[in-house]
Amino acid sequence: MDPLKQKFIEKASALRDKVKAMLKEHGEMVVGNVNMGQVYGGARDIKMMVWETSELDAQEGIRFRGYSIPELQKLLPKGDKEVRPEGLFWLMLTGEVPTEDEVEWLRNEWRKRNEVPEHVFSVLEALPKDTHPMTQFTIAINALQTQSIFARRYDEGLSKSEHWDPTYEDSMNLIAKLPRIAAYIYRRTYHNGDHIEPNINEDWAGNFAHMLGFENQDFKNLMRLYLTIHADHEGGNASAHTVHLVGSTLSDPYLSFSAGINALAGPLHGLANQEVINWIFEMIEKLGTSSPSKDQIAQYVKDTLAAGVVVPGYGHAVLRQPDPRFMAQKAFAEQYIKGSDIVQIVWDVFEVVPPILQSLGKVKNPWPNVDAHSGALLVHYGLKEASFYTVLFGVSRALGVLAATCWSRALGMPLERPKSVTSDWAFDFLAKQKQEVGVN
Ligand code: CMX
């Protein structure tokens, strides 16, 4: 058995036994209440699932296995100047910070598994060139499902205690192939199908940058950072939760992950990175300057709100502070980029937007999220095709949601099936409550 798989199943088996014993004793323990606002309000804050790989705190932001982004930047092995996403995957899967050798082992392992079957490219070629890259991405992942070891072994008769094993194999294979698929979509859509073969000497992120057509070392460093910080955001966000829900039916990792990609493609979630940069480009065009004043930006923000649409890249369902993923990208720009108009606009927007959103009195979090900064960095290095941005997010998100899927299968998580109610039920419930209060 490979060393990562071995380490993972040892940890997962120990936790499975511990959880089983805990549930036997405390399965009936109440851990929270639910109010009517939450029932109608997108289930905010309701604790209803377990997600081992990361946890989100409203004030502090994301912690991967207990480590904040700045802590990870000190601890994880680096490729050139930035942390390598391989290391984060190892950490999420095992709970342990990997050594340089372990990260190198994982790089080689993904390289061995990176070949994409020809039929996936044929499926992509059958689509109109202007098909949105996220649509191409999810279709390609579904086409790749023919490779699922989980699906084949389940068909042959797979004991529940073994579900984790082919889930791990599928997850590793899928992660290894995603950069090639994403780069193929990019080159096919924007570069006349002038494809670039993988470079076996590069790490996972560096090779992805290479296949996209970028050899700039700083861009490769950006990709390492980008693919690390977008990887996971606990389990309740729409893409992660979708992967969890679909996976709970024992759909294989390919089908589960492509479902999550469909969720990521929504403008209130991952597609916001495309929305942000388009919104900034429209601002530049409307104002006729690439160095707008803060007053001009404020007026543009107010016009956006007056049109009844959200300011993209701002607000969050959980966070109540500037997103540490935004701050990590800002720090990257401060270190690597000098004198960029588009980056300056992002920073000015960061000053201008929060007080305006606060003044509305209804926005719970006026601060920027991860999507507010990423586009400006990509534009700076020449990756200007905004409709591709959410695919980059998706490649990264695979690391977290597939590591978490391995844990769900190893812990034997059941079919997810929360309760829904009708509005008739809600009004009857309220009437009964009022009656009871009246009677007492
Ligand atoms: N601009 C304008 N209005 C906003 C807003 C924003 N950026 N963020 C929230 N609001 C509004 C909501 O639309 C809601 O208005 P109504 O009551 O009129 O419907 C009100 O403020 C309360 O919303 P909330 O509780 O603060 O936020 P939610 O948890 O409902 O929604 C989110 C969170 C992210 C969908 C929302 O902030 C938003 O639409 N932001 C812009 C889109 C975006 O950047 N999404 C990316 C999020 C990160 C990611 O998943 O990648």
# chains A, B, ... in the order shown; residues from 1 in each chain; ligands from 1
call {"tool": "residues_near_ligand", "arguments": {"ligand": "ligand 1", "cutoff": "6 Å", "atoms": "only C-alpha atoms and all ligand atoms", "output": "PDB file with N, CA and C atoms, in the first residue's frame"}}
result
ATOM      1  N   LEU A 268     -23.135  33.575  -6.963  1.00  0.00           N
ATOM      2  CA  LEU A 268     -23.020  33.887  -5.530  1.00  0.00           C
ATOM      3  C   LEU A 268     -21.892  33.088  -4.891  1.00  0.00           C
ATOM      4  N   HIS A 269     -21.328  32.127  -5.635  1.00  0.00           N
ATOM      5  CA  HIS A 269     -20.239  31.286  -5.093  1.00  0.00           C
ATOM      6  C   HIS A 269     -19.000  31.513  -5.983  1.00  0.00           C
ATOM      7  N   GLY A 270     -18.451  30.473  -6.571  1.00  0.00           N
ATOM      8  CA  GLY A 270     -17.157  30.601  -7.248  1.00  0.00           C
ATOM      9  C   GLY A 270     -17.135  31.526  -8.453  1.00  0.00           C
ATOM     10  N   ALA A 272     -18.165  34.250  -8.714  1.00  0.00           N
ATOM     11  CA  ALA A 272     -17.944  35.648  -8.304  1.00  0.00           C
ATOM     12  C   ALA A 272     -16.561  36.136  -8.734  1.00  0.00           C
ATOM     13  N   VAL A 310     -25.772  42.650  -6.504  1.00  0.00           N
ATOM     14  CA  VAL A 310     -24.792  42.652  -5.412  1.00  0.00           C
ATOM     15  C   VAL A 310     -23.434  43.169  -5.906  1.00  0.00           C
ATOM     16  N   VAL A 311     -22.629  43.656  -4.968  1.00  0.00           N
ATOM     17  CA  VAL A 311     -21.244  44.019  -5.288  1.00  0.00           C
ATOM     18  C   VAL A 311     -20.437  42.725  -5.241  1.00  0.00           C
ATOM     19  N   PRO A 312     -19.949  42.251  -6.391  1.00  0.00           N
ATOM     20  CA  PRO A 312     -19.285  40.946  -6.387  1.00  0.00           C
ATOM     21  C   PRO A 312     -17.978  40.970  -5.602  1.00  0.00           C
ATOM     22  N   GLY A 313     -17.701  39.869  -4.899  1.00  0.00           N
ATOM     23  CA  GLY A 313     -16.448  39.772  -4.144  1.00  0.00           C
ATOM     24  C   GLY A 313     -16.568  40.294  -2.726  1.00  0.00           C
ATOM     25  N   TYR A 314     -17.756  40.791  -2.386  1.00  0.00           N
ATOM     26  CA  TYR A 314     -17.947  41.313  -1.024  1.00  0.00           C
ATOM     27  C   TYR A 314     -19.096  40.575  -0.348  1.00  0.00           C
ATOM     28  N   GLY A 315     -18.941  40.357   0.978  1.00  0.00           N
ATOM     29  CA  GLY A 315     -19.955  39.645   1.734  1.00  0.00           C
ATOM     30  C   GLY A 315     -19.599  38.176   1.863  1.00  0.00           C
ATOM     31  N   HIS A 316     -20.170  37.546   2.861  1.00  0.00           N
ATOM     32  CA  HIS A 316     -19.951  36.106   3.045  1.00  0.00           C
ATOM     33  C   HIS A 316     -21.007  35.554   3.996  1.00  0.00           C
ATOM     34  N   ALA A 317     -21.359  34.292   3.771  1.00  0.00           N
ATOM     35  CA  ALA A 317     -22.387  33.659   4.600  1.00  0.00           C
ATOM     36  C   ALA A 317     -21.877  33.362   6.015  1.00  0.00           C
ATOM     37  N   LYS A 362     -28.188  46.045   6.203  1.00  0.00           N
ATOM     38  CA  LYS A 362     -28.665  44.654   6.129  1.00  0.00           C
ATOM     39  C   LYS A 362     -27.546  43.666   5.807  1.00  0.00           C
ATOM     40  N   VAL A 363     -26.422  44.162   5.286  1.00  0.00           N
ATOM     41  CA  VAL A 363     -25.340  43.256   4.873  1.00  0.00           C
ATOM     42  C   VAL A 363     -24.564  42.819   6.118  1.00  0.00           C
ATOM     43  N   LYS A 364     -24.527  41.514   6.377  1.00  0.00           N
ATOM     44  CA  LYS A 364     -23.897  41.055   7.630  1.00  0.00           C
ATOM     45  C   LYS A 364     -22.380  41.139   7.578  1.00  0.00           C
ATOM     46  N   ASN A 365     -21.815  41.047   6.385  1.00  0.00           N
ATOM     47  CA  ASN A 365     -20.352  41.113   6.276  1.00  0.00           C
ATOM     48  C   ASN A 365     -19.982  42.038   5.111  1.00  0.00           C
ATOM     49  N   ASN A 369     -14.268  38.989   0.098  1.00  0.00           N
ATOM     50  CA  ASN A 369     -14.012  37.552   0.182  1.00  0.00           C
ATOM     51  C   ASN A 369     -12.893  37.195  -0.806  1.00  0.00           C
ATOM     52  N   ASP A 371     -12.770  36.080  -3.697  1.00  0.00           N
ATOM     53  CA  ASP A 371     -12.922  36.376  -5.124  1.00  0.00           C
ATOM     54  C   ASP A 371     -12.640  37.837  -5.474  1.00  0.00           C
TER      55      ASP A 371
END
call {"tool": "atom_distance", "arguments": {"atom1": "CA of Tyr381 (chain A)", "atom2": "CA of Phe219 (chain A)"}}
result
6.5 Å
call {"tool": "closest_residue", "arguments": {"among": "A:Ala376, A:Met49, A:Ala259, A:Val120", "to": "Gln344 (chain A)", "atoms": "only C-alpha atoms"}}
result
A:Ala376
call {"tool": "closest_atom_pairs", "arguments": {"of": "region 348-437 of chain A", "to": "region 144-161 of chain A", "cutoff": "10 Å", "atoms": "only C-alpha atoms", "output": "tab-separated table"}}
result
residue	atom	partner	partner_atom	distance
A:Arg409	CA	A:Lys160	CA	8.4
A:Ala410	CA	A:Ser161	CA	7.5
A:Leu411	CA	A:Ser161	CA	9.1
A:Gly412	CA	A:Lys160	CA	7.4
call {"tool": "write_last_selection", "arguments": {"atoms": "N, CA, C and O atoms", "output": "mmCIF file, in the first residue's frame"}}
result
data_model
loop_
_atom_site.group_PDB
_atom_site.id
_atom_site.type_symbol
_atom_site.label_atom_id
_atom_site.label_comp_id
_atom_site.auth_asym_id
_atom_site.auth_seq_id
_atom_site.Cartn_x
_atom_site.Cartn_y
_atom_site.Cartn_z
ATOM 1 N N ARG A 409 -16.027 8.363 3.373
ATOM 2 C CA ARG A 409 -16.179 6.920 3.094
ATOM 3 C C ARG A 409 -15.475 6.085 4.178
ATOM 4 O O ARG A 409 -15.953 5.034 4.576
ATOM 5 N N ALA A 410 -14.347 6.572 4.662
ATOM 6 C CA ALA A 410 -13.626 5.804 5.685
ATOM 7 C C ALA A 410 -14.383 5.807 7.012
ATOM 8 O O ALA A 410 -14.328 4.835 7.765
ATOM 9 N N LEU A 411 -15.111 6.910 7.283
ATOM 10 C CA LEU A 411 -15.886 6.977 8.528
ATOM 11 C C LEU A 411 -17.260 6.338 8.350
ATOM 12 O O LEU A 411 -18.045 6.274 9.302
ATOM 13 N N GLY A 412 -17.562 5.898 7.147
ATOM 14 C CA GLY A 412 -18.852 5.221 6.891
ATOM 15 C C GLY A 412 -20.042 6.158 6.994
ATOM 16 O O GLY A 412 -21.117 5.753 7.440
#
call {"tool": "atom_distance", "arguments": {"atom1": "CA of Trp279 (chain A)", "atom2": "CA of Pro324 (chain A)"}}
result
22.2 Å
call {"tool": "select_by_dssp", "arguments": {"residues": "region 213-332 of chain A", "states": "alpha helix (DSSP H)", "output": "ChimeraX atom specification"}}
result
/A:217-229,238-247,253-264,272-287,294-306,324-332
call {"tool": "write_last_selection", "arguments": {"atoms": "C-alpha atoms", "output": "CSV table (one decimal), in the first residue's frame"}}
result
chain,number,residue,atom,x,y,z
A,217,GLN,CA,8.2,32.1,-12.3
A,218,ASP,CA,6.1,34.6,-10.4
A,219,PHE,CA,3.0,33.4,-12.1
A,220,LYS,CA,3.9,29.8,-11.1
A,221,ASN,CA,4.3,31.0,-7.5
A,222,LEU,CA,0.9,32.7,-7.8
A,223,MET,CA,-0.6,29.4,-9.0
A,224,ARG,CA,1.0,27.6,-6.0
A,225,LEU,CA,-0.6,30.1,-3.6
A,226,TYR,CA,-3.9,30.2,-5.5
A,227,LEU,CA,-4.3,26.5,-5.7
A,228,THR,CA,-3.5,26.2,-2.0
A,229,ILE,CA,-5.8,28.9,-0.6
A,238,ALA,CA,-22.3,25.1,-1.7
A,239,SER,CA,-19.6,23.3,-3.7
A,240,ALA,CA,-18.2,21.2,-0.8
A,241,HIS,CA,-21.7,20.4,0.6
A,242,THR,CA,-22.8,19.3,-2.9
A,243,VAL,CA,-19.9,17.0,-3.2
A,244,HIS,CA,-20.7,15.6,0.3
A,245,LEU,CA,-24.4,15.2,-0.5
A,246,VAL,CA,-23.9,13.5,-3.8
A,247,GLY,CA,-21.1,11.3,-2.4
A,253,PRO,CA,-15.8,10.8,-6.7
A,254,TYR,CA,-16.0,11.8,-10.4
A,255,LEU,CA,-19.8,12.3,-10.3
A,256,SER,CA,-19.7,13.9,-6.8
A,257,PHE,CA,-17.0,16.3,-7.8
A,258,SER,CA,-18.6,17.3,-11.1
A,259,ALA,CA,-21.8,18.1,-9.1
A,260,GLY,CA,-19.8,20.3,-6.8
A,261,ILE,CA,-18.3,22.1,-9.8
A,262,ASN,CA,-21.9,22.9,-11.0
A,263,ALA,CA,-22.4,24.5,-7.6
A,264,LEU,CA,-19.2,26.4,-7.8
A,272,ALA,CA,-17.9,35.6,-8.3
A,273,ASN,CA,-14.2,35.7,-9.3
A,274,GLN,CA,-15.3,36.2,-13.0
A,275,GLU,CA,-18.0,38.7,-11.9
A,276,VAL,CA,-15.5,40.8,-9.9
A,277,ILE,CA,-13.1,41.4,-12.8
A,278,ASN,CA,-15.9,42.0,-15.3
A,279,TRP,CA,-17.4,44.5,-12.9
A,280,ILE,CA,-14.0,46.3,-12.6
A,281,PHE,CA,-13.5,46.3,-16.4
A,282,GLU,CA,-17.0,47.8,-16.8
A,283,MET,CA,-16.0,50.4,-14.3
A,284,ILE,CA,-12.9,51.3,-16.2
A,285,GLU,CA,-14.9,51.5,-19.4
A,286,LYS,CA,-17.7,53.5,-18.0
A,287,LEU,CA,-15.4,56.0,-16.2
A,294,LYS,CA,-12.1,56.8,-4.8
A,295,ASP,CA,-15.1,59.1,-5.3
A,296,GLN,CA,-15.6,57.8,-8.8
A,297,ILE,CA,-15.4,54.2,-7.4
A,298,ALA,CA,-17.9,55.0,-4.6
A,299,GLN,CA,-20.4,56.4,-7.2
A,300,TYR,CA,-20.0,53.2,-9.4
A,301,VAL,CA,-20.6,51.0,-6.3
A,302,LYS,CA,-23.8,53.0,-5.5
A,303,ASP,CA,-24.9,52.7,-9.1
A,304,THR,CA,-24.4,48.9,-8.9
A,305,LEU,CA,-26.5,48.7,-5.7
A,306,ALA,CA,-29.2,51.0,-7.2
A,324,PRO,CA,-7.6,35.8,5.0
A,325,ARG,CA,-7.5,34.4,1.5
A,326,PHE,CA,-8.1,38.0,0.2
A,327,MET,CA,-5.4,39.2,2.6
A,328,ALA,CA,-2.9,36.5,1.4
A,329,GLN,CA,-3.4,37.6,-2.2
A,330,LYS,CA,-3.0,41.2,-1.2
A,331,ALA,CA,0.3,40.3,0.5
A,332,PHE,CA,1.4,38.4,-2.6
call {"tool": "closest_atom_pairs", "arguments": {"of": "region 224-330 of chain A", "to": "region 55-74 of chain A", "cutoff": "7 Å", "atoms": "only C-alpha atoms", "output": "JSON lines"}}
result
{"residue": "A:His233", "atom": "CA", "partner": "A:Ile62", "partner_atom": "CA", "distance": 6.2}
{"residue": "A:Glu234", "atom": "CA", "partner": "A:Glu55", "partner_atom": "CA", "distance": 4.8}
{"residue": "A:Val318", "atom": "CA", "partner": "A:Ala58", "partner_atom": "CA", "distance": 5.4}
{"residue": "A:Leu319", "atom": "CA", "partner": "A:Ala58", "partner_atom": "CA", "distance": 4.1}
{"residue": "A:Arg320", "atom": "CA", "partner": "A:Ala58", "partner_atom": "CA", "distance": 5.2}
{"residue": "A:Gln321", "atom": "CA", "partner": "A:Gln59", "partner_atom": "CA", "distance": 5.5}
{"residue": "A:Asp323", "atom": "CA", "partner": "A:Gly61", "partner_atom": "CA", "distance": 6.2}
{"residue": "A:Pro324", "atom": "CA", "partner": "A:Gly61", "partner_atom": "CA", "distance": 6.0}
call {"tool": "closest_residue", "arguments": {"among": "A:Val116, A:Val31, A:Leu377, A:Leu91", "to": "Tyr336 (chain A)", "atoms": "only C-alpha atoms"}}
result
A:Leu377
call {"tool": "closest_residue", "arguments": {"among": "A:Phe8, A:Phe350, A:Phe388, A:Trp90", "to": "Leu212 (chain A)", "atoms": "only C-alpha atoms"}}
result
A:Phe388
call {"tool": "closest_residue", "arguments": {"among": "A:Met1, A:Met413, A:Ala182, A:Val30", "to": "Arg16 (chain A)", "atoms": "only C-alpha atoms"}}
result
A:Met413
call {"tool": "atom_distance", "arguments": {"atom1": "CA of Leu399 (chain A)", "atom2": "CA of Thr53 (chain A)"}}
result
9.9 Å
call {"tool": "closest_residue", "arguments": {"among": "A:Asn201, A:Ser13, A:Ser420, A:Asn237", "to": "Asp45 (chain A)", "atoms": "only C-alpha atoms"}}
result
A:Asn237
